[in-house]
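This is protein00.txt. It holds compact mmCIF, C-alpha atoms and all ligand atoms.
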# COMPACT_ATOMS: atom_id res chain seq x y z
CA MET A 1 39.39 -23.15 133.77
CA GLY A 2 39.52 -26.13 136.11
CA ARG A 3 38.22 -28.78 133.78
CA GLN A 4 38.73 -32.39 134.76
CA VAL A 5 41.64 -34.36 133.38
CA ASN A 6 40.82 -37.68 131.75
CA ASP A 7 42.93 -40.71 131.12
CA TYR A 8 44.23 -40.36 127.59
CA LYS A 9 43.12 -43.81 126.50
CA THR A 10 39.90 -44.47 128.39
CA ASP A 11 38.86 -40.81 128.53
CA LYS A 12 37.68 -41.44 132.14
CA PRO A 13 38.39 -38.79 134.83
CA ILE A 14 41.66 -39.40 136.67
CA THR A 15 41.78 -36.33 138.93
CA PRO A 16 39.56 -35.85 141.98
CA LYS A 17 36.90 -33.22 141.40
CA LYS A 18 37.10 -29.96 143.32
CA ASN A 19 35.28 -30.12 146.69
CA GLY A 20 34.00 -33.52 145.68
CA GLU A 21 31.53 -31.89 143.25
CA SER A 22 31.22 -32.93 139.66
CA MET A 23 32.10 -30.20 137.20
CA ALA A 24 30.28 -29.82 133.90
CA LYS A 25 32.71 -29.94 131.01
CA GLU A 26 32.76 -26.76 128.98
CA LYS A 27 33.14 -27.25 125.26
CA VAL A 28 36.15 -25.65 123.66
CA THR A 29 35.96 -24.11 120.20
CA VAL A 30 38.93 -24.10 117.84
CA SER A 31 38.56 -21.48 115.11
CA VAL A 32 40.92 -20.97 112.22
CA ILE A 33 40.22 -17.87 110.17
CA LYS A 34 42.44 -16.97 107.22
CA ALA A 35 42.77 -14.38 104.51
CA ASP A 36 45.13 -13.04 101.89
CA VAL A 37 45.31 -9.29 102.42
CA GLY A 38 48.42 -8.52 100.45
CA SER A 39 51.93 -9.78 100.04
CA VAL A 40 55.51 -8.96 99.26
CA VAL A 41 56.39 -9.49 95.62
CA GLY A 42 53.27 -10.63 93.83
CA HIS A 43 51.28 -13.31 95.63
CA SER A 44 54.23 -14.69 97.63
CA ARG A 45 54.11 -13.98 101.37
CA PRO A 46 52.65 -11.48 103.85
CA HIS A 47 55.11 -8.94 105.25
CA PRO A 48 56.31 -9.80 108.80
CA SER A 49 54.79 -6.50 110.04
CA MET A 50 51.36 -7.75 108.93
CA MET A 51 51.81 -10.93 110.97
CA GLN A 52 53.10 -8.86 113.87
CA VAL A 53 50.05 -6.61 113.97
CA ALA A 54 47.75 -9.65 113.94
CA LYS A 55 49.72 -11.12 116.83
CA LYS A 56 49.43 -7.89 118.80
CA ILE A 57 45.66 -7.63 118.27
CA LEU A 58 45.07 -11.23 119.28
CA ALA A 59 47.35 -10.86 122.33
CA ASP A 60 45.06 -8.01 123.44
CA LYS A 61 42.00 -10.20 122.90
CA GLN A 62 43.64 -12.88 125.02
CA LYS A 63 44.30 -10.33 127.80
CA GLN A 64 40.66 -9.26 127.60
CA GLY A 65 39.63 -12.90 128.10
CA ILE A 66 37.98 -13.19 124.68
CA LEU A 67 40.50 -15.72 123.45
CA GLU A 68 41.87 -18.57 125.49
CA ASP A 69 44.87 -18.84 123.20
CA PHE A 70 46.05 -18.18 119.64
CA TYR A 71 48.82 -18.65 117.10
CA VAL A 72 49.49 -16.55 114.00
CA THR A 73 51.10 -18.25 111.01
CA ARG A 74 51.01 -18.20 107.24
CA VAL A 75 51.20 -20.37 104.17
CA GLY A 76 52.25 -18.65 100.96
CA ASP A 77 50.41 -15.31 100.85
CA ASP A 78 47.71 -16.23 103.40
CA ILE A 79 47.68 -15.20 107.05
CA ASN A 80 46.20 -17.97 109.23
CA LEU A 81 44.88 -17.22 112.70
CA PHE A 82 44.49 -20.24 115.01
CA MET A 83 42.23 -19.27 117.92
CA THR A 84 40.86 -21.23 120.88
CA HIS A 85 38.00 -20.01 123.09
CA TYR A 86 34.77 -20.93 124.87
CA LYS A 87 32.41 -18.75 122.86
CA GLY A 88 31.18 -21.28 120.29
CA GLU A 89 31.26 -21.16 116.50
CA GLY A 90 30.38 -18.08 114.45
CA ASN A 91 30.90 -15.84 117.49
CA LYS A 92 30.93 -12.10 116.80
CA GLU A 93 33.85 -11.31 119.13
CA ILE A 94 36.03 -14.05 117.67
CA HIS A 95 35.20 -13.26 114.05
CA GLY A 96 35.52 -9.56 114.91
CA ALA A 97 39.02 -10.16 116.27
CA ALA A 98 40.05 -11.82 113.01
CA TRP A 99 38.39 -9.07 110.98
CA GLU A 100 40.36 -6.45 112.95
CA CYS A 101 43.61 -8.33 112.26
CA PHE A 102 42.91 -8.40 108.52
CA GLN A 103 41.88 -4.73 108.48
CA GLU A 104 45.06 -3.63 110.24
CA ALA A 105 47.24 -5.93 108.12
CA THR A 106 45.59 -4.46 105.03
CA LYS A 107 46.48 -0.95 106.20
CA ILE A 108 50.14 -1.97 106.50
CA ALA A 109 50.02 -3.67 103.10
CA LYS A 110 48.56 -0.50 101.57
CA THR A 111 51.13 1.75 103.26
CA MET A 112 53.93 -0.43 101.90
CA LYS A 113 52.17 -0.61 98.52
CA LEU A 114 52.33 -4.39 98.72
CA TYR A 115 50.65 -6.47 96.07
CA ALA A 116 46.89 -7.19 96.23
CA ALA A 117 46.51 -5.29 99.52
CA GLY A 118 43.13 -6.14 101.03
CA GLN A 119 42.47 -8.79 98.34
CA ASP A 120 40.15 -11.00 100.42
CA ILE A 121 38.27 -8.18 102.15
CA LEU A 122 35.06 -8.05 100.15
CA THR A 123 32.84 -5.87 102.33
CA THR A 124 33.40 -2.48 103.90
CA ALA A 125 31.29 -3.13 106.99
CA PHE A 126 31.74 -6.10 109.31
CA SER A 127 28.39 -7.79 109.94
CA GLY A 128 29.42 -9.95 112.90
CA ASN A 129 30.79 -12.92 110.98
CA VAL A 130 33.48 -13.29 108.32
CA LYS A 131 31.28 -15.69 106.32
CA GLY A 132 30.56 -14.18 102.93
CA ALA A 133 32.94 -11.30 103.66
CA GLY A 134 36.01 -12.87 102.04
CA PRO A 135 38.11 -14.62 104.72
CA GLY A 136 37.79 -18.41 105.05
CA SER A 137 36.94 -20.10 108.34
CA ALA A 138 36.94 -23.59 109.83
CA GLU A 139 35.64 -24.05 113.37
CA MET A 140 34.92 -27.04 115.59
CA THR A 141 33.51 -27.35 119.09
CA PHE A 142 34.06 -30.37 121.31
CA GLU A 143 34.69 -31.68 124.76
CA GLU A 144 38.45 -31.67 125.23
CA ARG A 145 39.66 -35.20 125.93
CA GLY A 146 42.22 -36.22 128.56
CA SER A 147 44.80 -35.54 125.90
CA GLU A 148 43.89 -33.76 122.69
CA PRO A 149 46.45 -33.93 119.84
CA MET A 150 45.49 -31.62 116.97
CA LEU A 151 46.77 -31.07 113.45
CA PHE A 152 46.26 -27.90 111.43
CA PHE A 153 46.63 -28.28 107.68
CA ILE A 154 46.93 -24.93 105.90
CA ALA A 155 47.19 -24.56 102.12
CA ASP A 156 47.87 -21.89 99.52
CA LYS A 157 46.92 -21.62 95.81
CA THR A 158 44.19 -24.22 95.90
CA GLU A 159 40.51 -24.88 96.64
CA PRO A 160 38.54 -26.60 99.45
CA SER A 161 37.94 -29.83 97.51
CA ALA A 162 41.73 -30.37 97.37
CA TYR A 163 41.33 -32.02 100.80
CA SER A 164 38.58 -34.40 99.63
CA PRO A 165 40.71 -37.17 98.08
CA ILE A 166 43.19 -37.00 100.96
CA LEU A 167 40.53 -37.14 103.70
CA SER A 168 38.82 -39.94 101.77
CA ARG A 169 42.00 -41.98 101.92
CA ILE A 170 42.40 -41.24 105.64
CA PHE A 171 38.80 -41.82 106.80
CA LEU A 172 37.34 -44.22 104.23
CA ASP A 173 40.14 -46.49 103.08
CA PRO A 174 41.27 -49.34 105.35
CA PHE A 175 44.18 -50.04 103.01
CA THR A 176 45.43 -46.58 103.97
CA THR A 177 44.36 -46.19 107.60
CA THR A 178 44.89 -49.45 109.47
CA GLY A 179 43.12 -47.87 112.46
CA LEU A 180 39.83 -48.29 110.58
CA VAL A 181 40.32 -52.04 110.97
CA VAL A 182 42.12 -52.44 114.30
CA ASP A 183 40.89 -49.56 116.48
CA ALA A 184 37.46 -50.56 117.83
CA ARG A 185 36.20 -46.97 117.93
CA ALA A 186 37.52 -45.99 114.50
CA LYS A 187 35.97 -49.22 113.16
CA LYS A 188 32.51 -47.84 113.97
CA GLY A 189 33.07 -45.50 111.05
CA PHE A 190 32.58 -41.80 110.39
CA ASP A 191 29.83 -39.45 109.24
CA VAL A 192 30.92 -37.25 106.37
CA GLU A 193 29.22 -33.87 105.85
CA ILE A 194 29.58 -32.91 102.20
CA HIS A 195 28.85 -29.41 100.92
CA ASP A 196 27.61 -28.54 97.48
CA VAL A 197 29.62 -25.31 97.30
CA ILE A 198 27.77 -24.06 94.23
CA ASP A 199 24.14 -24.51 95.32
CA ASN A 200 24.94 -24.03 99.03
CA LYS A 201 23.50 -27.36 100.22
CA LYS A 202 24.79 -30.09 102.46
CA VAL A 203 24.30 -33.82 102.89
CA THR A 204 25.69 -36.18 105.53
CA LEU A 205 26.59 -39.73 104.53
CA SER A 206 27.95 -42.52 106.70
CA SER A 207 31.03 -44.61 106.11
CA PRO A 208 31.64 -47.49 105.68
CA GLU A 209 28.05 -48.26 104.46
CA GLU A 210 27.82 -45.34 102.05
CA THR A 211 31.47 -45.03 101.09
CA LEU A 212 30.83 -45.50 97.39
CA SER A 213 28.10 -42.83 97.34
CA ILE A 214 30.42 -40.48 99.22
CA LEU A 215 33.11 -41.02 96.59
CA ALA A 216 30.57 -40.66 93.78
CA LEU A 217 29.84 -37.12 94.98
CA LEU A 218 33.37 -36.09 95.96
CA GLY A 219 34.77 -37.04 92.56
CA ASP A 220 33.14 -33.85 91.25
CA THR A 221 35.66 -31.53 92.88
CA SER A 222 34.23 -28.36 91.33
CA ARG A 223 30.90 -28.81 93.20
CA TYR A 224 31.40 -31.05 96.23
CA ALA A 225 33.82 -30.78 99.14
CA ILE A 226 34.10 -32.40 102.57
CA LYS A 227 33.11 -29.88 105.23
CA ARG A 228 33.20 -31.99 108.39
CA ILE A 229 33.81 -35.54 109.51
CA PHE A 230 32.36 -36.87 112.78
CA SER A 231 33.28 -39.91 114.81
CA ARG A 232 30.49 -42.47 115.11
CA SER A 233 31.79 -43.67 118.45
CA GLY A 234 30.91 -40.55 120.42
CA ILE A 235 34.20 -38.64 120.18
CA GLY A 236 32.56 -35.78 118.28
CA PRO A 237 34.04 -33.89 115.33
CA ALA A 238 37.20 -35.33 113.79
CA CYS A 239 37.96 -32.62 111.26
CA VAL A 240 36.58 -29.48 109.62
CA VAL A 241 37.55 -27.77 106.38
CA SER A 242 37.04 -24.14 105.34
CA THR A 243 34.79 -24.44 102.29
CA ASP A 244 34.24 -20.75 101.52
CA LYS A 245 34.45 -20.25 97.74
CA LEU A 246 35.90 -16.82 97.06
CA ASN A 247 34.77 -16.50 93.46
CA LEU A 248 31.16 -17.33 94.40
CA THR A 249 31.29 -14.81 97.25
CA ALA A 250 32.81 -12.07 95.15
CA GLY A 251 30.85 -12.82 91.98
CA LYS A 252 34.07 -12.85 90.04
CA TYR A 253 37.40 -14.60 90.23
CA ILE A 254 39.63 -12.87 92.76
CA GLY A 255 41.95 -15.64 93.87
CA LYS A 256 41.72 -19.18 95.15
CA ASP A 257 40.23 -20.08 98.50
CA ASP A 258 43.41 -21.49 100.02
CA PRO A 259 41.58 -23.72 102.53
CA VAL A 260 42.49 -24.94 106.00
CA CYS A 261 41.62 -28.28 107.59
CA VAL A 262 41.59 -28.66 111.39
CA CYS A 263 41.87 -32.22 112.70
CA ARG A 264 41.66 -33.99 116.04
CA SER A 265 43.69 -37.17 116.21
CA GLN A 266 44.45 -40.43 118.06
CA SER A 267 42.40 -42.70 120.37
CA GLY A 268 39.49 -43.63 118.09
CA LEU A 269 40.37 -41.04 115.44
CA PRO A 270 43.09 -41.35 112.78
CA SER A 271 46.50 -41.12 114.42
CA VAL A 272 48.89 -38.28 113.62
CA GLY A 273 50.82 -40.62 111.32
CA GLU A 274 47.65 -41.80 109.60
CA TYR A 275 46.89 -38.17 108.77
CA THR A 276 50.37 -37.45 107.40
CA GLN A 277 50.94 -40.75 105.57
CA PRO A 278 48.91 -39.94 102.41
CA PHE A 279 51.29 -37.11 101.60
CA LEU A 280 54.04 -39.66 100.98
CA MET A 281 51.76 -42.22 99.32
CA THR A 282 51.11 -40.28 96.18
CA SER A 283 51.33 -36.90 94.53
CA TRP A 284 48.00 -35.17 95.14
CA ILE A 285 46.82 -33.07 92.24
CA ALA A 286 45.13 -29.89 93.42
CA GLY A 287 43.23 -27.29 91.41
CA GLY A 288 44.51 -23.72 91.71
CA TRP A 289 48.16 -22.82 91.24
CA MET A 290 48.91 -20.06 88.72
CA ARG A 291 45.95 -17.69 88.30
CA GLY A 292 43.79 -20.23 90.15
CA SER A 293 43.40 -21.93 86.80
CA HIS A 294 45.79 -24.86 86.71
CA TYR A 295 46.28 -28.26 88.20
CA GLY A 296 49.48 -28.67 90.18
CA THR A 297 50.78 -31.12 92.74
CA PHE A 298 50.48 -30.42 96.46
CA TYR A 299 53.93 -29.54 97.85
CA PRO A 300 54.05 -30.49 101.55
CA CYS A 301 56.41 -28.14 103.38
CA SER A 302 57.03 -25.98 106.42
CA PRO A 303 55.53 -22.45 106.50
CA GLU A 304 59.06 -21.08 105.94
CA ASP A 305 59.30 -23.07 102.70
CA SER A 306 55.81 -22.11 101.55
CA ASP A 307 56.65 -19.19 99.25
CA PRO A 308 55.12 -20.16 95.91
CA THR A 309 58.30 -19.79 93.90
CA TYR A 310 57.61 -21.86 90.79
CA PHE A 311 54.85 -20.58 88.45
CA ASP A 312 53.20 -19.15 91.61
CA GLY A 313 53.23 -22.54 93.27
CA PRO A 314 52.79 -25.40 93.04
CA PRO A 315 50.00 -25.45 95.67
CA ARG A 316 51.62 -25.50 99.11
CA ILE A 317 50.40 -27.40 102.16
CA CYS A 318 51.76 -27.25 105.74
CA CYS A 319 50.82 -29.38 108.72
CA LEU A 320 51.32 -27.90 112.20
CA GLY A 321 50.63 -29.81 115.40
CA PHE A 322 49.57 -28.69 118.87
CA GLN A 323 48.27 -30.43 121.96
CA LEU A 324 45.28 -28.71 123.55
CA ASN A 325 45.60 -28.14 127.26
CA ASP A 326 42.44 -26.75 128.86
CA GLY A 327 41.80 -24.76 125.73
CA LYS A 328 45.41 -23.60 125.43
CA LEU A 329 47.75 -24.53 122.63
CA GLN A 330 50.78 -26.50 123.76
CA GLY A 331 53.64 -26.92 121.34
CA LEU A 332 57.37 -27.02 122.04
CA GLU A 333 57.39 -23.69 123.91
CA GLU A 334 57.40 -23.42 127.69
CA TYR A 335 54.25 -24.33 129.58
CA ASN A 336 51.62 -21.58 129.81
CA SER A 337 53.27 -19.35 127.23
CA LYS A 338 51.07 -16.35 126.43
CA GLY A 339 50.87 -13.77 123.66
CA GLY A 340 50.74 -16.35 120.89
CA ASN A 341 54.36 -17.38 121.51
CA HIS A 342 54.11 -20.99 120.45
CA ILE A 343 56.30 -23.46 118.60
CA PRO A 344 54.13 -26.03 116.81
CA VAL A 345 55.47 -29.36 115.63
CA ASP A 346 56.11 -28.82 111.93
CA PHE A 347 55.22 -32.19 110.38
CA PHE A 348 56.16 -31.50 106.77
CA GLY A 349 59.24 -29.41 107.61
CA ASN A 350 61.66 -32.31 107.71
CA SER A 351 63.53 -34.56 105.33
CA THR A 352 60.90 -37.34 105.45
CA PHE A 353 58.91 -35.36 102.93
CA ASP A 354 61.85 -34.56 100.61
CA SER A 355 60.72 -37.18 98.10
CA ALA A 356 57.13 -35.83 98.19
CA ARG A 357 58.47 -32.37 97.43
CA ALA A 358 60.67 -33.66 94.61
CA ASN A 359 57.68 -35.55 93.16
CA ALA A 360 55.52 -32.45 93.47
CA ILE A 361 57.95 -30.46 91.36
CA LYS A 362 58.48 -33.29 88.87
CA THR A 363 54.76 -33.93 88.28
CA SER A 364 53.91 -30.22 88.29
CA LYS A 365 56.57 -29.63 85.64
CA PHE A 366 55.06 -32.43 83.59
CA LEU A 367 51.58 -30.90 83.86
CA ARG A 368 53.05 -27.59 82.69
CA THR A 369 54.20 -29.21 79.46
CA GLN A 370 50.51 -29.33 78.39
CA GLY A 371 50.39 -25.53 78.28
CA PRO A 372 46.96 -23.86 78.26
CA PHE A 373 45.14 -27.15 77.57
CA THR A 374 43.30 -29.47 79.95
CA PRO A 375 44.37 -31.37 82.00
CA SER A 376 46.98 -28.68 82.72
CA ILE A 377 44.29 -26.04 83.10
CA LEU A 378 41.07 -26.40 85.08
CA PRO A 379 37.76 -27.32 83.40
CA ALA A 380 35.86 -24.44 81.78
CA GLU A 381 33.32 -24.01 84.61
CA GLU A 382 36.14 -23.46 87.09
CA MET A 383 37.65 -20.80 84.84
CA GLU A 384 34.47 -18.97 83.98
CA TYR A 385 35.71 -15.82 85.65
CA THR A 386 38.86 -15.75 83.57
CA SER A 387 39.18 -14.40 80.06
CA ARG A 388 37.20 -17.07 78.18
CA PRO A 389 33.74 -15.42 78.51
CA GLU A 390 35.21 -12.13 77.27
CA VAL A 391 36.96 -13.84 74.37
CA LEU A 392 33.68 -15.56 73.48
CA LYS A 393 31.76 -12.28 73.68
CA GLU A 394 34.23 -10.58 71.39
CA LEU A 395 34.17 -13.44 68.90
CA LYS A 396 30.37 -13.93 68.95
CA PRO A 397 29.71 -12.01 65.70
CA ARG A 398 32.45 -13.98 63.97
CA PHE A 399 31.01 -17.40 64.83
CA VAL A 400 29.28 -18.96 61.82
CA ASN A 401 26.58 -21.60 62.03
CA LEU A 402 28.07 -24.72 60.42
CA GLU A 403 24.80 -25.68 58.65
CA ASP A 404 24.63 -22.27 56.96
CA ASP A 405 28.25 -22.66 56.05
CA ASP A 406 27.58 -26.08 54.49
CA LYS A 407 24.74 -24.66 52.41
CA LYS A 408 27.00 -21.95 51.10
CA LYS A 409 29.60 -24.50 50.13
CA LYS A 410 27.19 -26.86 48.28
CA PRO A 411 28.38 -27.30 44.68
CA VAL A 412 26.29 -25.51 42.03
CA LYS A 413 25.50 -27.26 38.72
CA LYS A 414 24.18 -25.84 35.51
CA SER A 415 20.75 -27.16 34.28
CA LYS A 416 20.23 -28.08 30.67
CA SER A 417 18.27 -24.87 30.18
CA GLY A 418 21.35 -22.99 31.24
CA SER A 419 19.86 -21.83 34.60
CA VAL A 420 21.84 -22.53 37.73
CA ASP A 421 20.49 -25.24 40.18
CA VAL A 422 21.57 -25.57 43.69
CA GLU A 423 21.59 -29.13 45.01
C1 LIG A 501 46.66 -17.61 92.43
C2 LIG A 501 47.46 -16.38 92.58
C3 LIG A 501 48.41 -15.99 91.51
C4 LIG A 501 47.79 -14.91 90.64
C5 LIG A 501 48.72 -14.50 89.47
C6 LIG A 501 48.14 -13.35 88.67
O1 LIG A 501 45.80 -17.78 93.51
O2 LIG A 501 47.34 -15.69 93.56
O3 LIG A 501 48.81 -17.08 90.75
O4 LIG A 501 46.56 -15.32 90.14
O5 LIG A 501 49.98 -14.11 89.95
O6 LIG A 501 47.86 -12.33 89.55
P1 LIG A 501 47.29 -10.93 89.11
O7 LIG A 501 46.00 -11.19 88.38
O8 LIG A 501 47.10 -10.20 90.39
O9 LIG A 501 48.32 -10.30 88.23
MG MG A 502 47.41 -13.17 96.90
MG MG A 503 46.84 -17.45 98.81
Let me see the structure of the file written as C-alpha cells.
Amino acid sequence: MGRQVNDYKTDKPITPKKNGESMAKEKVTVSVIKADVGSVVGHSRPHPSMMQVAKKILADKQKQGILEDFYVTRVGDDINLFMTHYKGEGNKEIHGAAWECFQEATKIAKTMKLYAAGQDILTTAFSGNVKGAGPGSAEMTFEERGSEPMLFFIADKTEPSAYSPILSRIFLDPFTTTGLVVDARAKKGFDVEIHDVIDNKKVTLSSPEETLSILALLGDTSRYAIKRIFSRSGIGPACVVSTDKLNLTAGKYIGKDDPVCVCRSQSGLPSVGEYTQPFLMTSWIAGGWMRGSHYGTFYPCSPEDSDPTYFDGPPRICCLGFQLNDGKLQGLEEYNSKGGNHIPVDFFGNSTFDSARANAIKTSKFLRTQGPFTPSILPAEEMEYTSRPEVLKELKPRFVNLEDDDKKKKPVKKSKSGSVDVE
C-alpha cells in the first residue's frame, strides 16, 4: 500500500517519500471475530474441516481485496478469525466475511452431527454486523508504527472480565510493569474504557490518577470489564477486549463468551514480556469452566494444547504474536505469504509456562473440592440461567414463612377455666 516506514524507536519516517510527496498514513484495522459453532466430542475443539472452510472463505476475501490479511486459529471449541484491513471497525464486508465462515462451518458441523452445531449463531439473518448476533468481536484501528509487534490473547470457557485483573496488573501496577516507571511514554499513563456489560454503559477513567476508582469498578467482575485501553502519549489504542455477553444477547445461558484480547506492544506500550509476565506471577482465577458456572484457573497453553480435557477446562488461554507489516501479518512464515498461511509466535506453547500449567491444574483441583458451593461455583446472579430459578419455581409452594411457622410452634397452655390459651 506504499505507506511510509518509520524508525521503530522514534516513529519518525526513515524512507524517502515517493516522488518527494508526503503520503497520508492510512489507518489499519485489526479485527478478531470468534464463535463456537460446534465441536468434536462435546465442547472440545472444532473439526479441522470447519477451520479449513473458514480459511478458504477468507482467502477468497483476501483475493477480492476486502481483507489485507488473515489467520484462522482456535482455542478449545472456539474458532478465532484474525483479520486485517483498511475498512474500519464494524464494517459490513468484514463482519459479513466472518459470518459466512461461521455459517459454512456450522453446515459442516451439522453434517457431521458434531456437538452444539451453530451454538453461537443467534439470528437467522445477518444484519451487517455480528454484534448481538452471537459471535464476539474485538477491533482496533490505528496508524501502523515503524514496527508494530502485536499479541493476540484468545480464551475458552471464560468471560470478558477474566482479562480485567491481568490487564490491571499490566497497565496499572508499576510493581508488575517496570515500563510504567522507566519508559517516558508509558509513564504518561493510560485511559481505561470500562464497560458495564449488564446495563450497556461505558466510562473512561485515567491511570495513574484514577487507578483506585478503576479497580473499585473492575472488582465487580459480573458487571464491569475492560473494553479498551489507550496510550496517553499519542500512540493510540493499546488493547481491546471482546466484551459481548452471550447470555445477555441470547436471553438465556447458552455458553460462555470465551473472549479475545488484541494488544499492541513495545515502544511506549507494555513490552511483549510485560504482557506475558503476569501469567507466571500468579494463578488467575477465571469464571466459566464447566457449564459456565464455576471458577477455575487460567491454563496458559498453545492452541494445540487447548482442548478442555479436565472437567471441560480449566479455562484455556493462548497468546499468539505477529508483527504487522503494512497491514499484513508477519510471523515465522516466508515474507508475503498469502492465503492465511502464517506461523505466529506461540508465547505460551513452551516450557517456560510449565509451572503455570501445573499450578492451574493444582488450584483448579482444589476449587473442585468445594463441589457445588461458592467459591467453586459462580455467584447466583451469574448462574441465573441455570437450574436454580426452575428449582425455586418448583419449590415455591413448599416454602413456609418462618414467622407463621413460629406461631404454629408456640407452646399452648391450659387456663384455669380449662380453656386453651395461646401465648
Ligand atoms: C462451558 C461449556 C461446557 C458445557 C457442558 C454442558 O462453556 O461449553 O462446559 O456447558 O459440557 O454442556 P451441555 O449443556 O451442552 O450438555
Ligand atoms: Mg461449545
Ligand atoms: Mg468455547
Discussion item. How would you report the residues lying within 12 Å of ligand MG 503 (chain A), as a PyMOL selection string, if you count only C-alpha atoms and all ligand atoms?
Written reply: chain A and resi 34-39+42-46+74-80+115-116+119-120+135-136+154-159+246+254-260+288-292+306-308+312-317
Each region 283-392 of chain A residue no farther than 12 Å from region 63-66 of chain A, nearest pair in Å, all atoms listed in the file, as a tab-separated table:
residue	atom	partner	partner_atom	distance
A:Lys338	CA	A:Lys63	CA	9.2
A:Gly339	CA	A:Lys63	CA	8.5
A:Gly340	CA	A:Lys63	CA	11.2
Residues at most 8 Å from region 97-113 of chain A, counting all atoms listed in the file, excluding those fewer than 3 positions away in the same chain, as an mmCIF file with C-alpha atoms, in the frame of the given file?
data_model
loop_
_atom_site.group_PDB
_atom_site.id
_atom_site.type_symbol
_atom_site.label_atom_id
_atom_site.label_comp_id
_atom_site.auth_asym_id
_atom_site.auth_seq_id
_atom_site.Cartn_x
_atom_site.Cartn_y
_atom_site.Cartn_z
ATOM 1 C CA ILE A 33 40.220 -17.870 110.170
ATOM 2 C CA ALA A 35 42.770 -14.380 104.510
ATOM 3 C CA VAL A 37 45.310 -9.290 102.420
ATOM 4 C CA GLY A 38 48.420 -8.520 100.450
ATOM 5 C CA SER A 39 51.930 -9.780 100.040
ATOM 6 C CA HIS A 47 55.110 -8.940 105.250
ATOM 7 C CA SER A 49 54.790 -6.500 110.040
ATOM 8 C CA MET A 50 51.360 -7.750 108.930
ATOM 9 C CA MET A 51 51.810 -10.930 110.970
ATOM 10 C CA VAL A 53 50.050 -6.610 113.970
ATOM 11 C CA ALA A 54 47.750 -9.650 113.940
ATOM 12 C CA ILE A 57 45.660 -7.630 118.270
ATOM 13 C CA LEU A 58 45.070 -11.230 119.280
ATOM 14 C CA LYS A 61 42.000 -10.200 122.900
ATOM 15 C CA LEU A 81 44.880 -17.220 112.700
ATOM 16 C CA GLU A 93 33.850 -11.310 119.130
ATOM 17 C CA ILE A 94 36.030 -14.050 117.670
ATOM 18 C CA ALA A 117 46.510 -5.290 99.520
ATOM 19 C CA GLY A 118 43.130 -6.140 101.030
ATOM 20 C CA ILE A 121 38.270 -8.180 102.150
ATOM 21 C CA PHE A 126 31.740 -6.100 109.310
ATOM 22 C CA VAL A 130 33.480 -13.290 108.320
#
Which centre and which edge lengths, in Å to one decimal, describe the axis-aligned box that holds all listed atoms of ligand LIG 501 (chain A) after 3 Å is added on each side, as lines of an AutoDock Vina configuration file?
center_x = 47.9
center_y = -14.0
center_z = 90.9
size_x = 10.2
size_y = 13.6
size_z = 11.3
Worksheet item: Looking at only C-alpha atoms, which of A:Ser231, A:Thr84, A:Asn359, A:Gln52 is the one that sits closest to Leu280 (chain A)?
Response: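 Among A:Ser231, A:Thr84, A:Asn359, A:Gln52, it is A:Asn359 that comes nearest to Leu280 (chain A).
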Practice prompt. May I ask for the distance between CA of Gln323 (chain A) and CA of Val182 (chain A), given in Å to one decimal place?
Written response: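 Between these atoms lies a distance of 24.1 Å.
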Worksheet, complete the sentence: Pairwise distance, CA of Tyr295 (chain A) with CA of Phe311 (chain A), equals 11.5 Å
Worksheet entry | Nearest candidate to Ile226 (chain A) (options A:Tyr163, A:Phe153, A:Phe70, A:Phe366; using all atoms listed in the file) |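 So, comparing all the options, the nearest one is A:Tyr163.
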Fill in: Selected residue of minimal separation from ligand LIG 501 (chain A) among A:Ser293, A:Ser242, A:Thr141, A:Asn129, counting all atoms listed in the file
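Closest candidate: A:Ser293.
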Item to complete: Tell me which of A:Ala225, A:Ile361, A:Val400, A:Val192 sits closest to Phe171 (chain A), counting only C-alpha atoms.
Response: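 Once distances to Phe171 (chain A) are computed over only C-alpha atoms, the minimum belongs to A:Val192.
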Worksheet entry | Point-to-point distance in Å for CA of Phe298 (chain A) and CA of Thr204 (chain A) | 27.0 Å
Discussion item. With only C-alpha atoms as the counted atoms, please give the residues lying no more than 6 Å from Gly189 (chain A), apart from itself and same-chain residues fewer than 3 positions off, as an MDAnalysis selection string.
Written reply: chainID A and resid 186 207:208 232
